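Below is one structure, written out as structure tokens, with a few remarks after it.
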Amino acid sequence: MFKSIMIILFFLASCGGENKETIREVGVPIPGPGPGPGPGPGQDCLGGYVTSFNDIKSILTAECAGCHSGYDTFAVAGKPGKFGVYMSRIALSSADAKRMPKFPNRELSGSNKALLKAFADDGFNEQPKCRDGGIGTVGLMDLPKIEKLANSDLDGINNAQAELDTRWLVMSHKAMSGSRTQQMVAYTKGLNKAVNSISRDFNILPASPIDPGETIMRIDLSALKLPRSVWALIAANDPFQFVSNTRQGKILRQRTGTDTPWMHADNFINVALGIPRVYNEIQQIPQDVNQLILGLGIDLNRAFRNPFEARLSCFNGSRIANQKNRMLLRLPQENTGGGFWMTFDTNSQFAAQKNCFDFPLFLVGQARFQFDASEIIFEKDNGLQAYALYNAQGLREEEAPADVVRNVDSPFDAIIKNGLDCSRCHNGGILPAVDGAKRSFLANAAEHDPNDVELVRVLYANNDANQAIFTADNNRLVQVFQQLDILPTDPDPINLFSDDQRRDWTLQDAAGFMATMGFVSSGVSPAEDFCQKLNGSANGRAQLGQLCEDAGATVTFNQFKDTFLSDLVRDFRLGLDPIDQ
């Protein structure tokens, strides 16, 4: 019955209907004022930077200075007393008349509130300076230190079977590239959301840091109910395919039973959630949509039988649907008590049955909507979302058809792929939709089949009831987010981490990344070490030399990756002890 369904488990309702703010890019090191306190010429801020006035000025200018003269100056923002007053007003709810910015201006996003708070917590710094301690403070974290910490971590576990399920996700390269505290916090949230998004356990299980800077995070495959084959699948698709043959590395591989006991966290995210084929296998998304529905404990016959459990909506205005109409279905998901959400989209709304205002029914009645694509979001056992894509015949797909829906939020690709793209759009949950079909269909009831009219009456709730359903399901997700310290108003932290890897790389990015897979020469920074070693690689220098020659030069991620695989592993002697080089 459900065979003609194409589910693209990703973006429901009018995806992108909300105003989406992104955390300001603070990962690029800011040159210091010169010799003296803070980063100076030729210095790397290995532990990251404190949040400074530079990081919050644009927020104050956009949101405060229009009414409060001088609020975008350090003379005002740098005064703890004055800052505390307007922070207390910003923290009020939108329902409070004293809240700033004043209504009708929208409330500040969670990420901007957090950035303002970080400015205060870091001590009201006018200029950026190196951080003394705390998250992201790694100093030099090259391969020997990572492997030593990992082996010491296993010593503390002291259980051979548990060691086989222990893995680490490394963010040290992000801290060494100059990412500051606020961004490292966001990366940690992204890592934890990603890990729990593929977990098969009922509980939310944040990763455990094993280093003072909290940049090497341990996960337990057994606790996550993930078989080791899942890690092997992710590792097999890691674009860098790095294997350490150091003495410590060989011990680590033997104790964990894998050639890849640790992985860069951004590689992990971009493989596990960014490659649809891998994501579908990890999430156990079946080939046939009927198998998915049955596996989630959903009884379609009961849902579309009196008393009706199914709820339908029809609306216009979705950006991803190119402003075409789309139908939205909500079914109760028996195995979790949450909601199973599904959209139906068309490649045109001008064909007779592709207008859901005139054909507002699904599965029952005569006026059935004819769709070309469908998207689903369902609830995992731990309360987070999962996604899947199917074609019109009910067979699983990896990408959505471009003539039906398109990705309007990604800076990289207009094609919607299952996994990461879904998470980006639904960072706050289901996007509420306002139904427009029920009123118009019933207004012309005499023109329609009486049975169809009655079905529309019971399957389409009024909009107040619909909004209550959206709110209830999203509140369930918010409660889970609280365990991960994530605000639903924030940009998706998984995509924040993923996007940062896929953008163009600076010298600091390349040097920090390379340091985690090799040895940094004593007395120099990762950037100096990278440039010195690059001189010994003819093709590496030809491909990446501009990073060392021109301040501010960048290379694409693929350019760096391809050069790494073809030349840098060999020429930099990565994964070998110094005595063997």
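Naming works like this for the structure tokens: A, B, ... for the chains as they're shown, residue 1 at the start of each chain, ligands 1 onward in shown order.
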
How would you write, as an NGL selection string, the set of residues in segment 286-381 of chain A that DSSP gives as strand (DSSP E)?
:A and (311-315 or 326-333 or 338-345 or 373-379)

Writing out the chosen residues with C-alpha atoms as a tab-separated table (two decimals), in the first residue's frame:
```tsv
chain	number	residue	atom	x	y	z
A	311	ARG	CA	-2.44	14.07	10.82
A	312	LEU	CA	-2.03	15.86	7.48
A	313	SER	CA	-1.14	19.42	6.46
A	314	CYS	CA	-0.75	21.08	3.07
A	315	PHE	CA	1.11	24.34	2.58
A	326	ARG	CA	4.00	20.12	-0.22
A	327	MET	CA	2.08	17.74	2.00
A	328	LEU	CA	3.13	16.88	5.55
A	329	LEU	CA	2.16	13.74	7.45
A	330	ARG	CA	2.62	12.97	11.13
A	331	LEU	CA	2.19	9.46	12.54
A	332	PRO	CA	2.69	8.24	16.11
A	333	GLN	CA	5.92	6.27	16.45
A	338	GLY	CA	7.43	10.31	19.57
A	339	GLY	CA	6.48	11.38	16.08
A	340	PHE	CA	7.24	10.06	12.61
A	341	TRP	CA	7.17	12.99	10.17
A	342	MET	CA	7.02	12.76	6.42
A	343	THR	CA	6.74	15.27	3.58
A	344	PHE	CA	5.56	14.66	0.04
A	345	ASP	CA	6.93	16.85	-2.73
A	373	ALA	CA	9.49	12.69	-3.57
A	374	SER	CA	9.05	12.32	0.14
A	375	GLU	CA	11.13	13.13	3.22
A	376	ILE	CA	11.05	11.52	6.66
A	377	ILE	CA	12.31	12.35	10.13
A	378	PHE	CA	11.92	9.74	12.85
A	379	GLU	CA	12.96	9.54	16.47
```

TODO: Pick out the residues sitting within 12 Å of segment 451-468 of chain A, and hand them over as a count of residues only; count only C-alpha atoms, and ignore anything fewer than 3 positions along from it in its own chain.
DONE: 55

Quick one: residues within 8 Å of Asp567 of chain A, only C-alpha atoms counted, chain neighbours fewer than 6 positions away excluded, as an NGL selection string?
:A and (537 or 539-540)

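Atom to atom, atom CA of Asn355 of chain A and atom CA of Leu389 of chain A stand 22.0 Å apart.
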
Sorted by chain and rising residue number, which residues of segment 126-235 of chain A lie within 9 Å of segment 512-532 of chain A, and what are their closest atom pairs and distances in Å to one decimal, counting only C-alpha atoms, as JSON lines?
```
{"residue": "A:Leu140", "atom": "CA", "partner": "A:Pro526", "partner_atom": "CA", "distance": 7.7}
{"residue": "A:Met141", "atom": "CA", "partner": "A:Thr516", "partner_atom": "CA", "distance": 6.5}
{"residue": "A:Asp142", "atom": "CA", "partner": "A:Thr516", "partner_atom": "CA", "distance": 4.4}
{"residue": "A:Leu143", "atom": "CA", "partner": "A:Thr516", "partner_atom": "CA", "distance": 4.7}
{"residue": "A:Pro144", "atom": "CA", "partner": "A:Phe519", "partner_atom": "CA", "distance": 6.9}
{"residue": "A:Lys145", "atom": "CA", "partner": "A:Thr516", "partner_atom": "CA", "distance": 8.7}
{"residue": "A:Ile146", "atom": "CA", "partner": "A:Thr516", "partner_atom": "CA", "distance": 7.3}
{"residue": "A:Val170", "atom": "CA", "partner": "A:Thr516", "partner_atom": "CA", "distance": 8.7}
{"residue": "A:Ser172", "atom": "CA", "partner": "A:Thr516", "partner_atom": "CA", "distance": 7.4}
{"residue": "A:His173", "atom": "CA", "partner": "A:Gly512", "partner_atom": "CA", "distance": 4.4}
{"residue": "A:Lys174", "atom": "CA", "partner": "A:Gly512", "partner_atom": "CA", "distance": 6.8}
{"residue": "A:Ala175", "atom": "CA", "partner": "A:Gly512", "partner_atom": "CA", "distance": 7.9}
{"residue": "A:Met176", "atom": "CA", "partner": "A:Gly512", "partner_atom": "CA", "distance": 5.1}
{"residue": "A:Ser177", "atom": "CA", "partner": "A:Gly512", "partner_atom": "CA", "distance": 5.2}
{"residue": "A:Gly178", "atom": "CA", "partner": "A:Gly512", "partner_atom": "CA", "distance": 8.8}
```

Using N, CA and C atoms, can you export the residues from the last selection as an mmCIF file, in the first residue's frame?
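Below is the file that was written, selection_28.cif:
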```cif
data_model
loop_
_atom_site.group_PDB
_atom_site.id
_atom_site.type_symbol
_atom_site.label_atom_id
_atom_site.label_comp_id
_atom_site.auth_asym_id
_atom_site.auth_seq_id
_atom_site.Cartn_x
_atom_site.Cartn_y
_atom_site.Cartn_z
ATOM 1 N N LEU A 140 51.486 21.963 22.189
ATOM 2 C CA LEU A 140 51.823 21.131 21.035
ATOM 3 C C LEU A 140 51.287 19.723 21.270
ATOM 4 N N MET A 141 50.405 19.269 20.399
ATOM 5 C CA MET A 141 49.832 17.930 20.532
ATOM 6 C C MET A 141 50.131 17.161 19.248
ATOM 7 N N ASP A 142 51.352 16.634 19.161
ATOM 8 C CA ASP A 142 51.707 15.881 17.956
ATOM 9 C C ASP A 142 51.424 14.401 18.184
ATOM 10 N N LEU A 143 51.780 13.572 17.212
ATOM 11 C CA LEU A 143 51.434 12.157 17.258
ATOM 12 C C LEU A 143 51.956 11.447 18.513
ATOM 13 N N PRO A 144 53.209 11.642 18.930
ATOM 14 C CA PRO A 144 53.679 10.949 20.133
ATOM 15 C C PRO A 144 52.825 11.243 21.361
ATOM 16 N N LYS A 145 52.397 12.500 21.507
ATOM 17 C CA LYS A 145 51.602 12.852 22.685
ATOM 18 C C LYS A 145 50.210 12.237 22.606
ATOM 19 N N ILE A 146 49.625 12.226 21.418
ATOM 20 C CA ILE A 146 48.301 11.631 21.257
ATOM 21 C C ILE A 146 48.344 10.148 21.590
ATOM 22 N N VAL A 170 39.710 12.940 17.746
ATOM 23 C CA VAL A 170 40.724 13.946 18.043
ATOM 24 C C VAL A 170 40.338 15.300 17.437
ATOM 25 N N SER A 172 42.493 18.002 18.436
ATOM 26 C CA SER A 172 43.689 18.772 18.779
ATOM 27 C C SER A 172 44.146 19.664 17.628
ATOM 28 N N HIS A 173 43.977 19.187 16.397
ATOM 29 C CA HIS A 173 44.399 19.979 15.241
ATOM 30 C C HIS A 173 43.598 21.265 15.132
ATOM 31 N N LYS A 174 42.337 21.261 15.612
ATOM 32 C CA LYS A 174 41.546 22.475 15.549
ATOM 33 C C LYS A 174 42.066 23.506 16.545
ATOM 34 N N ALA A 175 42.442 23.059 17.732
ATOM 35 C CA ALA A 175 42.983 23.990 18.721
ATOM 36 C C ALA A 175 44.332 24.527 18.258
ATOM 37 N N MET A 176 45.163 23.652 17.672
ATOM 38 C CA MET A 176 46.482 24.099 17.211
ATOM 39 C C MET A 176 46.385 25.021 16.002
ATOM 40 N N SER A 177 45.260 24.972 15.285
ATOM 41 C CA SER A 177 45.110 25.855 14.129
ATOM 42 C C SER A 177 44.642 27.245 14.534
ATOM 43 N N GLY A 178 44.390 27.441 15.817
ATOM 44 C CA GLY A 178 44.023 28.767 16.299
ATOM 45 C C GLY A 178 42.580 28.917 16.693
#
```

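Reported to one decimal place, the separation of atom CA of Ile486 of chain A from atom CA of Pro128 of chain A is 26.0 Å.
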
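Put simply, atom CA of Pro493 of chain A is 23.3 Å away from atom CA of Glu63 of chain A.
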
**Report entry** Sel. of helix (DSSP H, G or I) residues, segment 118-303 of chain A, as JSON, numbers by chain
**Finding:** {"A": [118, 119, 120, 121, 143, 144, 145, 146, 147, 148, 149, 150, 151, 152, 153, 154, 155, 156, 157, 160, 161, 162, 163, 172, 173, 174, 175, 176, 181, 182, 183, 184, 185, 186, 187, 188, 189, 190, 191, 192, 193, 194, 195, 196, 197, 198, 228, 229, 230, 231, 232, 233, 234, 235, 236, 247, 248, 249, 250, 251, 252, 253, 254, 255, 256, 265, 266, 267, 268, 269, 270, 271, 272, 276, 277, 278, 279, 280, 281, 282, 289, 290, 291, 292, 293, 294, 295, 300, 301, 302, 303]}

Please identify all polymer residues within 7 Å of segment 214-228 of chain A, counting only C-alpha atoms, omitting same-chain residues fewer than 6 positions from it, and present them as a ChimeraX atom specification. /A:135-136,165-172,199-201,207-208

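Nearest to Glu399 of chain A of all the residues A:Pro104, A:Phe202, A:Arg277, A:Gln291 is A:Arg277, counting only C-alpha atoms.
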
If you count only C-alpha atoms, which residues fall within 9 Å of segment 248-258 of chain A, apart from same-chain ones fewer than 2 positions away, as a VMD selection string?
-> chain A and resid 143 to 144 147 to 148 150 to 151 154 160 to 167 232 243 to 246 260 to 261 575 to 577

Export of the given selection (N, CA and C atoms) as an mmCIF file, in the first residue's frame:
```cif
data_model
loop_
_atom_site.group_PDB
_atom_site.id
_atom_site.type_symbol
_atom_site.label_atom_id
_atom_site.label_comp_id
_atom_site.auth_asym_id
_atom_site.auth_seq_id
_atom_site.Cartn_x
_atom_site.Cartn_y
_atom_site.Cartn_z
ATOM 1 N N LEU A 143 51.780 13.572 17.212
ATOM 2 C CA LEU A 143 51.434 12.157 17.258
ATOM 3 C C LEU A 143 51.956 11.447 18.513
ATOM 4 N N PRO A 144 53.209 11.642 18.930
ATOM 5 C CA PRO A 144 53.679 10.949 20.133
ATOM 6 C C PRO A 144 52.825 11.243 21.361
ATOM 7 N N GLU A 147 49.337 9.443 21.057
ATOM 8 C CA GLU A 147 49.426 8.001 21.280
ATOM 9 C C GLU A 147 49.782 7.680 22.725
ATOM 10 N N LYS A 148 50.603 8.494 23.330
ATOM 11 C CA LYS A 148 50.942 8.274 24.733
ATOM 12 C C LYS A 148 49.704 8.450 25.609
ATOM 13 N N ALA A 150 46.592 8.109 24.687
ATOM 14 C CA ALA A 150 45.640 7.027 24.410
ATOM 15 C C ALA A 150 46.051 5.739 25.113
ATOM 16 N N ASN A 151 47.331 5.400 25.073
ATOM 17 C CA ASN A 151 47.789 4.198 25.765
ATOM 18 C C ASN A 151 47.634 4.329 27.273
ATOM 19 N N LEU A 154 44.077 3.644 28.111
ATOM 20 C CA LEU A 154 43.795 2.205 28.153
ATOM 21 C C LEU A 154 44.316 1.575 29.437
ATOM 22 N N ALA A 160 40.952 -6.011 28.951
ATOM 23 C CA ALA A 160 41.290 -6.335 27.565
ATOM 24 C C ALA A 160 40.081 -6.275 26.642
ATOM 25 N N GLN A 161 38.931 -6.735 27.129
ATOM 26 C CA GLN A 161 37.737 -6.720 26.289
ATOM 27 C C GLN A 161 37.248 -5.297 26.069
ATOM 28 N N ALA A 162 37.280 -4.498 27.133
ATOM 29 C CA ALA A 162 36.833 -3.104 27.012
ATOM 30 C C ALA A 162 37.759 -2.306 26.108
ATOM 31 N N GLU A 163 39.054 -2.648 26.123
ATOM 32 C CA GLU A 163 40.007 -1.946 25.256
ATOM 33 C C GLU A 163 39.647 -2.111 23.788
ATOM 34 N N LEU A 164 39.099 -3.274 23.435
ATOM 35 C CA LEU A 164 38.740 -3.537 22.046
ATOM 36 C C LEU A 164 37.575 -2.672 21.570
ATOM 37 N N ASP A 165 36.830 -2.100 22.509
ATOM 38 C CA ASP A 165 35.702 -1.236 22.156
ATOM 39 C C ASP A 165 36.005 0.238 22.377
ATOM 40 N N THR A 166 37.244 0.549 22.705
ATOM 41 C CA THR A 166 37.621 1.937 22.991
ATOM 42 C C THR A 166 38.192 2.601 21.739
ATOM 43 N N ARG A 167 37.695 3.796 21.446
ATOM 44 C CA ARG A 167 38.191 4.585 20.310
ATOM 45 C C ARG A 167 38.283 6.047 20.753
ATOM 46 N N ALA A 232 34.776 0.211 11.778
ATOM 47 C CA ALA A 232 35.570 -0.244 10.639
ATOM 48 C C ALA A 232 35.036 0.359 9.341
ATOM 49 N N VAL A 243 47.652 5.293 9.029
ATOM 50 C CA VAL A 243 47.963 4.208 9.958
ATOM 51 C C VAL A 243 49.318 4.501 10.591
ATOM 52 N N SER A 244 49.362 4.499 11.908
ATOM 53 C CA SER A 244 50.613 4.790 12.607
ATOM 54 C C SER A 244 51.427 3.518 12.813
ATOM 55 N N ASN A 245 52.713 3.591 12.465
ATOM 56 C CA ASN A 245 53.639 2.480 12.683
ATOM 57 C C ASN A 245 54.719 2.835 13.701
ATOM 58 N N THR A 246 54.418 3.827 14.545
ATOM 59 C CA THR A 246 55.349 4.109 15.632
ATOM 60 C C THR A 246 55.268 2.966 16.644
ATOM 61 N N THR A 260 43.021 1.623 13.105
ATOM 62 C CA THR A 260 42.580 3.013 13.254
ATOM 63 C C THR A 260 41.948 3.197 14.630
ATOM 64 N N PRO A 261 42.742 3.235 15.684
ATOM 65 C CA PRO A 261 42.169 3.391 17.024
ATOM 66 C C PRO A 261 41.641 4.795 17.282
ATOM 67 N N GLY A 575 53.841 8.780 10.693
ATOM 68 C CA GLY A 575 53.561 7.512 11.342
ATOM 69 C C GLY A 575 54.795 6.686 11.652
ATOM 70 N N LEU A 576 55.965 7.303 11.674
ATOM 71 C CA LEU A 576 57.207 6.591 11.998
ATOM 72 C C LEU A 576 57.874 7.262 13.183
ATOM 73 N N ASP A 577 58.556 6.461 14.001
ATOM 74 C CA ASP A 577 59.315 7.027 15.108
ATOM 75 C C ASP A 577 60.499 7.828 14.569
#
```

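Residue neighbourhood of Ala542 of chain A, excluding near-sequence residues (fewer than 3 positions): A:Leu534, A:Asn535, A:Gly536, A:Ser537, A:Ala538, A:Asn539, A:Gly545, A:Gln546, A:Leu547, A:Cys548, A:Glu549, A:Val555, A:Gln559, A:Phe560, A:Thr563, A:Asp567, A:Leu568, at 12 Å, using only C-alpha atoms.
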
Residues of segment 432-537 of chain A that approach segment 180-192 of chain A to 12 Å or less, counting only C-alpha atoms: could you list each one with the shortest pair of atoms and its distance in Å to one decimal, rows by chain and increasing residue number, as CSV?
```
residue,atom,partner,partner_atom,distance
A:Val480,CA,A:Asn192,CA,11.9
A:Phe481,CA,A:Lys189,CA,9.7
A:Gln482,CA,A:Lys189,CA,10.9
A:Gln483,CA,A:Asn192,CA,10.1
A:Leu484,CA,A:Lys189,CA,6.5
A:Asp485,CA,A:Lys189,CA,7.1
A:Ile486,CA,A:Lys189,CA,6.8
A:Leu487,CA,A:Lys189,CA,10.2
A:Asp490,CA,A:Ala186,CA,9.8
A:Pro491,CA,A:Ala186,CA,9.7
A:Asp492,CA,A:Gly190,CA,7.5
A:Pro493,CA,A:Gly190,CA,4.2
A:Ile494,CA,A:Gly190,CA,4.0
A:Asn495,CA,A:Gly190,CA,7.5
A:Leu496,CA,A:Gly190,CA,7.2
A:Phe497,CA,A:Tyr187,CA,5.6
A:Ser498,CA,A:Gly190,CA,8.7
A:Asp499,CA,A:Tyr187,CA,11.0
A:Asp500,CA,A:Tyr187,CA,9.7
A:Gln501,CA,A:Tyr187,CA,11.3
```

Write the residues of the selection above to a file with N, CA and C atoms, as a PDB file, in the first residue's frame.
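Done, and the output landed in again.pdb:
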```
ATOM      1  N   VAL A 480      16.397  16.421  25.055  1.00  0.00           N
ATOM      2  CA  VAL A 480      17.592  15.640  24.739  1.00  0.00           C
ATOM      3  C   VAL A 480      18.774  16.577  24.507  1.00  0.00           C
ATOM      4  N   PHE A 481      18.529  17.682  23.796  1.00  0.00           N
ATOM      5  CA  PHE A 481      19.590  18.652  23.542  1.00  0.00           C
ATOM      6  C   PHE A 481      20.195  19.172  24.844  1.00  0.00           C
ATOM      7  N   GLN A 482      19.366  19.320  25.871  1.00  0.00           N
ATOM      8  CA  GLN A 482      19.875  19.833  27.143  1.00  0.00           C
ATOM      9  C   GLN A 482      20.977  18.942  27.705  1.00  0.00           C
ATOM     10  N   GLN A 483      20.889  17.641  27.434  1.00  0.00           N
ATOM     11  CA  GLN A 483      21.930  16.728  27.909  1.00  0.00           C
ATOM     12  C   GLN A 483      23.238  16.911  27.148  1.00  0.00           C
ATOM     13  N   LEU A 484      23.150  17.551  25.975  1.00  0.00           N
ATOM     14  CA  LEU A 484      24.339  17.806  25.162  1.00  0.00           C
ATOM     15  C   LEU A 484      24.742  19.274  25.208  1.00  0.00           C
ATOM     16  N   ASP A 485      24.067  20.062  26.057  1.00  0.00           N
ATOM     17  CA  ASP A 485      24.344  21.487  26.196  1.00  0.00           C
ATOM     18  C   ASP A 485      24.150  22.217  24.872  1.00  0.00           C
ATOM     19  N   ILE A 486      23.126  21.811  24.107  1.00  0.00           N
ATOM     20  CA  ILE A 486      22.833  22.410  22.809  1.00  0.00           C
ATOM     21  C   ILE A 486      21.524  23.189  22.902  1.00  0.00           C
ATOM     22  N   LEU A 487      21.510  24.380  22.335  1.00  0.00           N
ATOM     23  CA  LEU A 487      20.287  25.171  22.257  1.00  0.00           C
ATOM     24  C   LEU A 487      19.649  24.964  20.887  1.00  0.00           C
ATOM     25  N   ASP A 490      20.460  27.484  18.164  1.00  0.00           N
ATOM     26  CA  ASP A 490      21.814  27.560  17.616  1.00  0.00           C
ATOM     27  C   ASP A 490      21.896  26.883  16.259  1.00  0.00           C
ATOM     28  N   PRO A 491      22.861  27.281  15.430  1.00  0.00           N
ATOM     29  CA  PRO A 491      23.131  26.518  14.214  1.00  0.00           C
ATOM     30  C   PRO A 491      23.522  25.094  14.588  1.00  0.00           C
ATOM     31  N   ASP A 492      23.285  24.174  13.684  1.00  0.00           N
ATOM     32  CA  ASP A 492      23.604  22.777  13.951  1.00  0.00           C
ATOM     33  C   ASP A 492      25.104  22.620  14.199  1.00  0.00           C
ATOM     34  N   PRO A 493      25.527  22.165  15.388  1.00  0.00           N
ATOM     35  CA  PRO A 493      26.967  22.071  15.675  1.00  0.00           C
ATOM     36  C   PRO A 493      27.656  20.986  14.872  1.00  0.00           C
ATOM     37  N   ILE A 494      26.910  19.984  14.387  1.00  0.00           N
ATOM     38  CA  ILE A 494      27.529  18.959  13.544  1.00  0.00           C
ATOM     39  C   ILE A 494      28.002  19.582  12.243  1.00  0.00           C
ATOM     40  N   ASN A 495      27.131  20.351  11.597  1.00  0.00           N
ATOM     41  CA  ASN A 495      27.503  20.984  10.335  1.00  0.00           C
ATOM     42  C   ASN A 495      28.529  22.081  10.532  1.00  0.00           C
ATOM     43  N   LEU A 496      28.504  22.723  11.703  1.00  0.00           N
ATOM     44  CA  LEU A 496      29.518  23.739  12.005  1.00  0.00           C
ATOM     45  C   LEU A 496      30.910  23.107  11.937  1.00  0.00           C
ATOM     46  N   PHE A 497      31.042  21.930  12.528  1.00  0.00           N
ATOM     47  CA  PHE A 497      32.306  21.199  12.525  1.00  0.00           C
ATOM     48  C   PHE A 497      32.634  20.717  11.107  1.00  0.00           C
ATOM     49  N   SER A 498      31.644  20.141  10.443  1.00  0.00           N
ATOM     50  CA  SER A 498      31.850  19.617   9.094  1.00  0.00           C
ATOM     51  C   SER A 498      32.234  20.710   8.112  1.00  0.00           C
ATOM     52  N   ASP A 499      31.523  21.825   8.148  1.00  0.00           N
ATOM     53  CA  ASP A 499      31.791  22.914   7.215  1.00  0.00           C
ATOM     54  C   ASP A 499      33.211  23.442   7.365  1.00  0.00           C
ATOM     55  N   ASP A 500      33.688  23.501   8.604  1.00  0.00           N
ATOM     56  CA  ASP A 500      35.011  24.061   8.845  1.00  0.00           C
ATOM     57  C   ASP A 500      36.094  23.218   8.189  1.00  0.00           C
ATOM     58  N   GLN A 501      35.889  21.914   8.109  1.00  0.00           N
ATOM     59  CA  GLN A 501      36.882  21.084   7.432  1.00  0.00           C
ATOM     60  C   GLN A 501      36.825  21.274   5.922  1.00  0.00           C
TER      61      GLN A 501
END
```
